[in-house]
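Engineer: Got a structure for you, query.pdb, holding PDB, N, CA and C atoms.
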ATOM      1  N   PHE A   1      10.608   3.011   0.967
ATOM      2  CA  PHE A   1      10.280   1.671   1.424
ATOM      3  C   PHE A   1      11.056   0.632   0.616
ATOM      4  N   ILE A   2      11.050   0.799  -0.692
ATOM      5  CA  ILE A   2      11.730  -0.168  -1.554
ATOM      6  C   ILE A   2      13.232  -0.131  -1.332
ATOM      7  N   LYS A   3      13.802   1.062  -1.238
ATOM      8  CA  LYS A   3      15.244   1.170  -0.978
ATOM      9  C   LYS A   3      15.612   0.551   0.358
ATOM     10  N   LYS A   4      14.795   0.798   1.360
ATOM     11  CA  LYS A   4      15.055   0.278   2.697
ATOM     12  C   LYS A   4      14.996  -1.251   2.735
ATOM     13  N   ASN A   5      14.148  -1.840   1.931
ATOM     14  CA  ASN A   5      13.917  -3.284   1.950
ATOM     15  C   ASN A   5      14.485  -4.023   0.737
ATOM     16  N   ARG A   6      15.345  -3.387  -0.028
ATOM     17  CA  ARG A   6      15.805  -3.978  -1.286
ATOM     18  C   ARG A   6      16.578  -5.279  -1.133
ATOM     19  N   LYS A   7      17.119  -5.557   0.030
ATOM     20  CA  LYS A   7      17.861  -6.806   0.241
ATOM     21  C   LYS A   7      16.962  -7.968   0.671
ATOM     22  N   LYS A   8      15.717  -7.669   0.914
ATOM     23  CA  LYS A   8      14.767  -8.720   1.299
ATOM     24  C   LYS A   8      14.426  -9.572   0.091
ATOM     25  N   LYS A   9      14.055 -10.807   0.359
ATOM     26  CA  LYS A   9      13.720 -11.738  -0.719
ATOM     27  C   LYS A   9      12.453 -11.301  -1.455
ATOM     28  N   PHE A  10      11.463 -10.819  -0.705
ATOM     29  CA  PHE A  10      10.207 -10.361  -1.284
ATOM     30  C   PHE A  10       9.883  -8.971  -0.766
ATOM     31  N   ILE A  11       9.344  -8.157  -1.627
ATOM     32  CA  ILE A  11       8.764  -6.870  -1.226
ATOM     33  C   ILE A  11       7.335  -6.901  -1.744
ATOM     34  N   PHE A  12       6.398  -6.775  -0.842
ATOM     35  CA  PHE A  12       4.984  -6.888  -1.180
ATOM     36  C   PHE A  12       4.353  -5.510  -1.045
ATOM     37  N   LEU A  13       3.820  -4.968  -2.143
ATOM     38  CA  LEU A  13       3.185  -3.655  -2.137
ATOM     39  C   LEU A  13       1.701  -3.808  -2.434
ATOM     40  N   GLU A  14       0.892  -3.066  -1.722
ATOM     41  CA  GLU A  14      -0.546  -3.050  -1.981
ATOM     42  C   GLU A  14      -0.860  -1.795  -2.781
ATOM     43  N   ILE A  15      -1.258  -1.998  -4.041
ATOM     44  CA  ILE A  15      -1.563  -0.875  -4.919
ATOM     45  C   ILE A  15      -2.944  -1.146  -5.523
ATOM     46  N   PRO A  16      -3.992  -0.567  -4.933
ATOM     47  CA  PRO A  16      -5.355  -0.896  -5.339
ATOM     48  C   PRO A  16      -5.664  -0.706  -6.827
ATOM     49  N   LEU A  17      -5.140   0.311  -7.470
ATOM     50  CA  LEU A  17      -5.453   0.580  -8.870
ATOM     51  C   LEU A  17      -4.243   0.342  -9.772
ATOM     52  N   LEU A  18      -3.465  -0.656  -9.456
ATOM     53  CA  LEU A  18      -2.239  -0.954 -10.202
ATOM     54  C   LEU A  18      -2.525  -1.176 -11.691
ATOM     55  N   ILE A  19      -3.472  -2.002 -12.007
ATOM     56  CA  ILE A  19      -3.767  -2.327 -13.403
ATOM     57  C   ILE A  19      -4.396  -1.124 -14.104
ATOM     58  N   GLU A  20      -5.335  -0.475 -13.440
ATOM     59  CA  GLU A  20      -5.988   0.696 -14.025
ATOM     60  C   GLU A  20      -4.983   1.810 -14.305
ATOM     61  N   SER A  21      -3.931   1.880 -13.493
ATOM     62  CA  SER A  21      -2.894   2.906 -13.662
ATOM     63  C   SER A  21      -1.806   2.492 -14.651
ATOM     64  N   LYS A  22      -1.947   1.293 -15.210
ATOM     65  CA  LYS A  22      -1.000   0.752 -16.185
ATOM     66  C   LYS A  22       0.436   0.704 -15.643
ATOM     67  N   LEU A  23       0.572   0.208 -14.429
ATOM     68  CA  LEU A  23       1.881   0.123 -13.773
ATOM     69  C   LEU A  23       2.411  -1.302 -13.669
ATOM     70  N   THR A  24       1.718  -2.272 -14.228
ATOM     71  CA  THR A  24       2.103  -3.672 -14.044
ATOM     72  C   THR A  24       3.502  -3.978 -14.572
ATOM     73  N   LYS A  25       3.954  -3.264 -15.581
ATOM     74  CA  LYS A  25       5.277  -3.539 -16.153
ATOM     75  C   LYS A  25       6.416  -3.253 -15.174
ATOM     76  N   ASN A  26       6.115  -2.549 -14.106
ATOM     77  CA  ASN A  26       7.128  -2.196 -13.110
ATOM     78  C   ASN A  26       7.325  -3.268 -12.035
ATOM     79  N   PHE A  27       6.616  -4.391 -12.147
ATOM     80  CA  PHE A  27       6.661  -5.415 -11.116
ATOM     81  C   PHE A  27       6.936  -6.783 -11.716
ATOM     82  N   ASP A  28       7.613  -7.617 -10.935
ATOM     83  CA  ASP A  28       7.964  -8.962 -11.393
ATOM     84  C   ASP A  28       6.775  -9.914 -11.342
ATOM     85  N   VAL A  29       6.001  -9.840 -10.266
ATOM     86  CA  VAL A  29       4.872 -10.747 -10.063
ATOM     87  C   VAL A  29       3.689  -9.909  -9.582
ATOM     88  N   ILE A  30       2.519 -10.170 -10.163
ATOM     89  CA  ILE A  30       1.306  -9.426  -9.805
ATOM     90  C   ILE A  30       0.291 -10.395  -9.196
ATOM     91  N   PHE A  31      -0.189 -10.039  -8.013
ATOM     92  CA  PHE A  31      -1.232 -10.789  -7.316
ATOM     93  C   PHE A  31      -2.534  -9.998  -7.418
ATOM     94  N   PHE A  32      -3.616 -10.699  -7.645
ATOM     95  CA  PHE A  32      -4.940 -10.078  -7.574
ATOM     96  C   PHE A  32      -5.645 -10.679  -6.372
ATOM     97  N   ILE A  33      -5.951  -9.847  -5.402
ATOM     98  CA  ILE A  33      -6.668 -10.289  -4.208
ATOM     99  C   ILE A  33      -8.145 -10.070  -4.498
ATOM    100  N   LYS A  34      -8.877 -11.159  -4.592
ATOM    101  CA  LYS A  34     -10.256 -11.131  -5.072
ATOM    102  C   LYS A  34     -11.236 -11.428  -3.940
ATOM    103  N   ALA A  35     -12.343 -10.689  -3.937
ATOM    104  CA  ALA A  35     -13.439 -10.946  -2.997
ATOM    105  C   ALA A  35     -14.740 -10.546  -3.677
ATOM    106  N   LYS A  36     -15.819 -11.185  -3.289
ATOM    107  CA  LYS A  36     -17.133 -10.836  -3.840
ATOM    108  C   LYS A  36     -17.440  -9.375  -3.524
ATOM    109  N   LYS A  37     -18.246  -8.776  -4.384
ATOM    110  CA  LYS A  37     -18.631  -7.379  -4.179
ATOM    111  C   LYS A  37     -19.314  -7.185  -2.836
ATOM    112  N   SER A  38     -20.161  -8.129  -2.452
ATOM    113  CA  SER A  38     -20.876  -8.003  -1.171
ATOM    114  C   SER A  38     -19.897  -8.047   0.008
ATOM    115  N   THR A  39     -18.867  -8.861  -0.106
ATOM    116  CA  THR A  39     -17.852  -8.944   0.950
ATOM    117  C   THR A  39     -17.062  -7.642   1.023
ATOM    118  N   ARG A  40     -16.677  -7.121  -0.137
ATOM    119  CA  ARG A  40     -15.918  -5.868  -0.175
ATOM    120  C   ARG A  40     -16.750  -4.714   0.382
ATOM    121  N   LEU A  41     -18.047  -4.687   0.038
ATOM    122  CA  LEU A  41     -18.937  -3.641   0.559
ATOM    123  C   LEU A  41     -19.042  -3.724   2.074
ATOM    124  N   LYS A  42     -19.225  -4.911   2.590
ATOM    125  CA  LYS A  42     -19.330  -5.106   4.042
ATOM    126  C   LYS A  42     -18.059  -4.618   4.743
ATOM    127  N   ARG A  43     -16.901  -4.968   4.215
ATOM    128  CA  ARG A  43     -15.622  -4.551   4.813
ATOM    129  C   ARG A  43     -15.446  -3.042   4.721
ATOM    130  N   PHE A  44     -15.828  -2.457   3.582
ATOM    131  CA  PHE A  44     -15.710  -1.017   3.386
ATOM    132  C   PHE A  44     -16.578  -0.266   4.394
ATOM    133  N   CYS A  45     -17.814  -0.705   4.557
ATOM    134  CA  CYS A  45     -18.730  -0.049   5.501
ATOM    135  C   CYS A  45     -18.269  -0.230   6.944
ATOM    136  N   SER A  46     -17.669  -1.378   7.258
ATOM    137  CA  SER A  46     -17.201  -1.605   8.630
ATOM    138  C   SER A  46     -16.036  -0.683   9.003
ATOM    139  N   LYS A  47     -15.386  -0.113   7.969
ATOM    140  CA  LYS A  47     -14.271   0.820   8.213
ATOM    141  C   LYS A  47     -14.722   2.273   8.126
ATOM    142  N   GLY A  48     -16.050   2.489   8.105
ATOM    143  CA  GLY A  48     -16.573   3.849   8.118
ATOM    144  C   GLY A  48     -17.001   4.387   6.767
ATOM    145  N   GLY A  49     -16.863   3.607   5.717
ATOM    146  CA  GLY A  49     -17.296   4.049   4.393
ATOM    147  C   GLY A  49     -18.794   3.903   4.234
ATOM    148  N   ASN A  50     -19.349   4.546   3.204
ATOM    149  CA  ASN A  50     -20.786   4.389   2.974
ATOM    150  C   ASN A  50     -21.031   3.731   1.620
ATOM    151  N   LYS A  51     -22.219   3.184   1.453
ATOM    152  CA  LYS A  51     -22.556   2.404   0.264
ATOM    153  C   LYS A  51     -22.437   3.227  -1.016
ATOM    154  N   LYS A  52     -22.896   4.460  -0.971
ATOM    155  CA  LYS A  52     -22.881   5.300  -2.177
ATOM    156  C   LYS A  52     -21.437   5.496  -2.667
ATOM    157  N   LEU A  53     -20.539   5.821  -1.768
ATOM    158  CA  LEU A  53     -19.136   6.007  -2.135
ATOM    159  C   LEU A  53     -18.528   4.708  -2.658
ATOM    160  N   PHE A  54     -18.853   3.598  -2.011
ATOM    161  CA  PHE A  54     -18.355   2.299  -2.460
ATOM    162  C   PHE A  54     -18.739   2.047  -3.913
ATOM    163  N   HIS A  55     -20.001   2.279  -4.251
ATOM    164  CA  HIS A  55     -20.476   2.010  -5.605
ATOM    165  C   HIS A  55     -19.822   2.940  -6.632
ATOM    166  N   ILE A  56     -19.556   4.174  -6.248
ATOM    167  CA  ILE A  56     -18.850   5.100  -7.140
ATOM    168  C   ILE A  56     -17.438   4.586  -7.411
ATOM    169  N   LEU A  57     -16.733   4.212  -6.353
ATOM    170  CA  LEU A  57     -15.364   3.710  -6.506
ATOM    171  C   LEU A  57     -15.338   2.389  -7.272
ATOM    172  N   ASP A  58     -16.294   1.537  -7.013
ATOM    173  CA  ASP A  58     -16.347   0.234  -7.662
ATOM    174  C   ASP A  58     -16.548   0.368  -9.173
ATOM    175  N   ARG A  59     -17.360   1.321  -9.584
ATOM    176  CA  ARG A  59     -17.606   1.528 -11.018
ATOM    177  C   ARG A  59     -16.356   2.010 -11.749
ATOM    178  N   LYS A  60     -15.434   2.645 -11.048
ATOM    179  CA  LYS A  60     -14.208   3.163 -11.665
ATOM    180  C   LYS A  60     -13.166   2.072 -11.903
ATOM    181  N   GLN A  61     -13.362   0.912 -11.297
ATOM    182  CA  GLN A  61     -12.385  -0.161 -11.417
ATOM    183  C   GLN A  61     -12.731  -1.090 -12.585
ATOM    184  N   LEU A  62     -11.694  -1.743 -13.103
ATOM    185  CA  LEU A  62     -11.899  -2.758 -14.134
ATOM    186  C   LEU A  62     -12.628  -3.955 -13.537
ATOM    187  N   SER A  63     -13.254  -4.727 -14.378
ATOM    188  CA  SER A  63     -13.921  -5.938 -13.906
ATOM    189  C   SER A  63     -12.885  -6.963 -13.450
ATOM    190  N   ASP A  64     -13.310  -7.882 -12.595
ATOM    191  CA  ASP A  64     -12.412  -8.948 -12.129
ATOM    192  C   ASP A  64     -11.861  -9.755 -13.295
ATOM    193  N   ALA A  65     -12.697  -9.998 -14.304
ATOM    194  CA  ALA A  65     -12.264 -10.796 -15.461
ATOM    195  C   ALA A  65     -11.104 -10.114 -16.185
ATOM    196  N   LYS A  66     -11.180  -8.813 -16.340
ATOM    197  CA  LYS A  66     -10.093  -8.079 -17.015
ATOM    198  C   LYS A  66      -8.832  -8.050 -16.156
ATOM    199  N   LYS A  67      -9.021  -7.916 -14.845
ATOM    200  CA  LYS A  67      -7.855  -7.877 -13.946
ATOM    201  C   LYS A  67      -7.120  -9.213 -13.921
ATOM    202  N   THR A  68      -7.871 -10.301 -13.870
ATOM    203  CA  THR A  68      -7.234 -11.615 -13.759
ATOM    204  C   THR A  68      -6.362 -11.934 -14.974
ATOM    205  N   LYS A  69      -6.698 -11.396 -16.133
ATOM    206  CA  LYS A  69      -5.897 -11.635 -17.339
ATOM    207  C   LYS A  69      -4.496 -11.042 -17.225
ATOM    208  N   GLN A  70      -4.337 -10.025 -16.388
ATOM    209  CA  GLN A  70      -3.058  -9.336 -16.276
ATOM    210  C   GLN A  70      -2.277  -9.723 -15.016
ATOM    211  N   CYS A  71      -2.791 -10.681 -14.261
ATOM    212  CA  CYS A  71      -2.161 -11.046 -12.999
ATOM    213  C   CYS A  71      -1.541 -12.438 -13.064
ATOM    214  N   ASP A  72      -0.485 -12.619 -12.288
ATOM    215  CA  ASP A  72       0.186 -13.913 -12.224
ATOM    216  C   ASP A  72      -0.518 -14.868 -11.275
ATOM    217  N   HIS A  73      -1.104 -14.314 -10.219
ATOM    218  CA  HIS A  73      -1.776 -15.139  -9.204
ATOM    219  C   HIS A  73      -3.062 -14.458  -8.756
ATOM    220  N   ILE A  74      -4.097 -15.266  -8.567
ATOM    221  CA  ILE A  74      -5.362 -14.777  -8.034
ATOM    222  C   ILE A  74      -5.564 -15.443  -6.678
ATOM    223  N   VAL A  75      -5.756 -14.632  -5.653
ATOM    224  CA  VAL A  75      -5.952 -15.141  -4.295
ATOM    225  C   VAL A  75      -7.329 -14.682  -3.829
ATOM    226  N   VAL A  76      -8.168 -15.630  -3.470
ATOM    227  CA  VAL A  76      -9.519 -15.315  -3.011
ATOM    228  C   VAL A  76      -9.455 -14.988  -1.521
ATOM    229  N   ASN A  77     -10.035 -13.860  -1.166
ATOM    230  CA  ASN A  77     -10.031 -13.390   0.220
ATOM    231  C   ASN A  77     -11.471 -13.291   0.724
ATOM    232  N   GLU A  78     -12.117 -14.430   0.843
ATOM    233  CA  GLU A  78     -13.513 -14.487   1.285
ATOM    234  C   GLU A  78     -13.642 -14.956   2.733
ATOM    235  N   LYS A  79     -12.642 -15.632   3.211
ATOM    236  CA  LYS A  79     -12.732 -16.242   4.542
ATOM    237  C   LYS A  79     -12.040 -15.351   5.564
ATOM    238  N   ASN A  80     -11.337 -15.973   6.486
ATOM    239  CA  ASN A  80     -10.665 -15.193   7.522
ATOM    240  C   ASN A  80      -9.200 -14.928   7.155
ATOM    241  N   LEU A  81      -8.552 -14.113   7.949
ATOM    242  CA  LEU A  81      -7.182 -13.689   7.688
ATOM    243  C   LEU A  81      -6.196 -14.856   7.688
ATOM    244  N   ASN A  82      -6.393 -15.843   8.543
ATOM    245  CA  ASN A  82      -5.480 -16.987   8.595
ATOM    246  C   ASN A  82      -5.491 -17.785   7.291
ATOM    247  N   ILE A  83      -6.660 -18.003   6.738
ATOM    248  CA  ILE A  83      -6.771 -18.734   5.474
ATOM    249  C   ILE A  83      -6.124 -17.920   4.357
ATOM    250  N   PHE A  84      -6.364 -16.631   4.358
ATOM    251  CA  PHE A  84      -5.764 -15.742   3.360
ATOM    252  C   PHE A  84      -4.237 -15.804   3.429
ATOM    253  N   ARG A  85      -3.689 -15.691   4.622
ATOM    254  CA  ARG A  85      -2.227 -15.773   4.806
ATOM    255  C   ARG A  85      -1.674 -17.104   4.309
ATOM    256  N   ARG A  86      -2.353 -18.176   4.651
ATOM    257  CA  ARG A  86      -1.905 -19.508   4.240
ATOM    258  C   ARG A  86      -1.870 -19.615   2.713
ATOM    259  N   ASN A  87      -2.884 -19.081   2.056
ATOM    260  CA  ASN A  87      -2.923 -19.111   0.599
ATOM    261  C   ASN A  87      -1.765 -18.316  -0.011
ATOM    262  N   LEU A  88      -1.475 -17.165   0.564
ATOM    263  CA  LEU A  88      -0.344 -16.363   0.086
ATOM    264  C   LEU A  88       0.981 -17.075   0.322
ATOM    265  N   LEU A  89       1.155 -17.653   1.500
ATOM    266  CA  LEU A  89       2.403 -18.351   1.806
ATOM    267  C   LEU A  89       2.641 -19.534   0.880
ATOM    268  N   ASP A  90       1.574 -20.227   0.502
ATOM    269  CA  ASP A  90       1.699 -21.336  -0.450
ATOM    270  C   ASP A  90       2.258 -20.846  -1.785
ATOM    271  N   ILE A  91       1.816 -19.684  -2.205
ATOM    272  CA  ILE A  91       2.323 -19.119  -3.465
ATOM    273  C   ILE A  91       3.773 -18.663  -3.301
ATOM    274  N   PHE A  92       4.092 -18.010  -2.186
ATOM    275  CA  PHE A  92       5.458 -17.525  -1.949
ATOM    276  C   PHE A  92       6.459 -18.664  -1.973
ATOM    277  N   LYS A  93       6.053 -19.826  -1.473
ATOM    278  CA  LYS A  93       6.952 -20.987  -1.425
ATOM    279  C   LYS A  93       7.411 -21.392  -2.825
ATOM    280  N   ARG A  94       6.592 -21.137  -3.823
ATOM    281  CA  ARG A  94       6.958 -21.484  -5.206
ATOM    282  C   ARG A  94       8.124 -20.633  -5.723
ATOM    283  N   TYR A  95       8.355 -19.495  -5.091
ATOM    284  CA  TYR A  95       9.409 -18.580  -5.544
ATOM    285  C   TYR A  95      10.698 -18.710  -4.727
ATOM    286  N   GLU A  96      10.721 -19.615  -3.781
ATOM    287  CA  GLU A  96      11.921 -19.787  -2.948
ATOM    288  C   GLU A  96      12.997 -20.554  -3.678
TER     289      GLU A  96
END
Write the structure described by the file as structure tokens, please.
Structural biologist:
Amino acid sequence: FIKKNRKKKFIFLEIPLLIESKLTKNFDVIFFIKAKKSTRLKRFCSKGGNKKLFHILDRKQLSDAKKTKQCDHIVVNEKNLNIFRRNLLDIFKRYE
């Protein structure tokens, strides 16, 4: 994917456990997409997941406070997709 898109201005990768895996040094800019636990649970269950599994996975992750210290940008994803996109595009414009 990276080789195929290396001439693009931006390459955006979604890596859920990037910080926990200690891979941040491999990237120029790190975004943390943040949502309340209740919102994440609702989205997880709507995709066929169950509450018990969600809580197991959630406990394995670092807290939001620890993640934000290692990220360049924090984007809140509580509303709809259009608002989320707009927030991301506003940040991308700073790098043009």
Engineer: Grab the atom CA of A:Phe10 to atom CA of A:Lys66 distance for me, in Å with one decimal place.
Structural biologist: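 These atoms are spaced 25.8 Å apart.
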Engineer: Looking at only C-alpha atoms, which of A:Lys42, A:Lys69, A:Ile33, A:His55 is the one that sits closest to A:Leu88?
Structural biologist: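 Closest to A:Leu88 of all the choices is A:Ile33.
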Engineer: Can you pull out every residue from chain A that DSSP, working from the backbone, puts in helix (DSSP H, G or I), and format the result as an MDAnalysis selection string?
Structural biologist: chainID A and resid 24:26 37:46 51:60 64:69 81:93
Engineer: The PyMOL selection byres (((chain A and resi 32 and name CA) around 9) and name CA) - which residues does that actually catch in the file I just gave you? List them as a list in words.
Structural biologist: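 What the PyMOL selection byres (((chain A and resi 32 and name CA) around 9) and name CA) grabs from the file is Ile30, Phe31, Ile33, Lys34, Asp64, Lys67, Thr68, Gln70, Cys71, Asp72, His73, Ile74, Val75 and Val76 of chain A.
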Engineer: May I have the selected residues written with N, CA and C atoms, as a PDB file, keeping the file's coordinate frame?
Structural biologist:
ATOM      1  N   ILE A  30       2.519 -10.170 -10.163  1.00  0.00           N
ATOM      2  CA  ILE A  30       1.306  -9.426  -9.805  1.00  0.00           C
ATOM      3  C   ILE A  30       0.291 -10.395  -9.196  1.00  0.00           C
ATOM      4  N   PHE A  31      -0.189 -10.039  -8.013  1.00  0.00           N
ATOM      5  CA  PHE A  31      -1.232 -10.789  -7.316  1.00  0.00           C
ATOM      6  C   PHE A  31      -2.534  -9.998  -7.418  1.00  0.00           C
ATOM      7  N   ILE A  33      -5.951  -9.847  -5.402  1.00  0.00           N
ATOM      8  CA  ILE A  33      -6.668 -10.289  -4.208  1.00  0.00           C
ATOM      9  C   ILE A  33      -8.145 -10.070  -4.498  1.00  0.00           C
ATOM     10  N   LYS A  34      -8.877 -11.159  -4.592  1.00  0.00           N
ATOM     11  CA  LYS A  34     -10.256 -11.131  -5.072  1.00  0.00           C
ATOM     12  C   LYS A  34     -11.236 -11.428  -3.940  1.00  0.00           C
ATOM     13  N   ASP A  64     -13.310  -7.882 -12.595  1.00  0.00           N
ATOM     14  CA  ASP A  64     -12.412  -8.948 -12.129  1.00  0.00           C
ATOM     15  C   ASP A  64     -11.861  -9.755 -13.295  1.00  0.00           C
ATOM     16  N   LYS A  67      -9.021  -7.916 -14.845  1.00  0.00           N
ATOM     17  CA  LYS A  67      -7.855  -7.877 -13.946  1.00  0.00           C
ATOM     18  C   LYS A  67      -7.120  -9.213 -13.921  1.00  0.00           C
ATOM     19  N   THR A  68      -7.871 -10.301 -13.870  1.00  0.00           N
ATOM     20  CA  THR A  68      -7.234 -11.615 -13.759  1.00  0.00           C
ATOM     21  C   THR A  68      -6.362 -11.934 -14.974  1.00  0.00           C
ATOM     22  N   GLN A  70      -4.337 -10.025 -16.388  1.00  0.00           N
ATOM     23  CA  GLN A  70      -3.058  -9.336 -16.276  1.00  0.00           C
ATOM     24  C   GLN A  70      -2.277  -9.723 -15.016  1.00  0.00           C
ATOM     25  N   CYS A  71      -2.791 -10.681 -14.261  1.00  0.00           N
ATOM     26  CA  CYS A  71      -2.161 -11.046 -12.999  1.00  0.00           C
ATOM     27  C   CYS A  71      -1.541 -12.438 -13.064  1.00  0.00           C
ATOM     28  N   ASP A  72      -0.485 -12.619 -12.288  1.00  0.00           N
ATOM     29  CA  ASP A  72       0.186 -13.913 -12.224  1.00  0.00           C
ATOM     30  C   ASP A  72      -0.518 -14.868 -11.275  1.00  0.00           C
ATOM     31  N   HIS A  73      -1.104 -14.314 -10.219  1.00  0.00           N
ATOM     32  CA  HIS A  73      -1.776 -15.139  -9.204  1.00  0.00           C
ATOM     33  C   HIS A  73      -3.062 -14.458  -8.756  1.00  0.00           C
ATOM     34  N   ILE A  74      -4.097 -15.266  -8.567  1.00  0.00           N
ATOM     35  CA  ILE A  74      -5.362 -14.777  -8.034  1.00  0.00           C
ATOM     36  C   ILE A  74      -5.564 -15.443  -6.678  1.00  0.00           C
ATOM     37  N   VAL A  75      -5.756 -14.632  -5.653  1.00  0.00           N
ATOM     38  CA  VAL A  75      -5.952 -15.141  -4.295  1.00  0.00           C
ATOM     39  C   VAL A  75      -7.329 -14.682  -3.829  1.00  0.00           C
ATOM     40  N   VAL A  76      -8.168 -15.630  -3.470  1.00  0.00           N
ATOM     41  CA  VAL A  76      -9.519 -15.315  -3.011  1.00  0.00           C
ATOM     42  C   VAL A  76      -9.455 -14.988  -1.521  1.00  0.00           C
TER      43      VAL A  76
END
Engineer: As a PyMOL selection string, please: the residues near A:Leu53 (cut-off 12 Å, only C-alpha atoms, same-chain neighbours under 6 positions excluded).
Structural biologist: chain A and resi 41+44-45+59-60
Engineer: What would the selection look like, as a PyMOL selection string, if the PyMOL selection byres (((chain A and resi 12 and name CA) around 12) and name CA) were run on the coordinates I just shared?
Structural biologist: chain A and resi 1-2+5-6+8-11+13-15+27-31+88+92
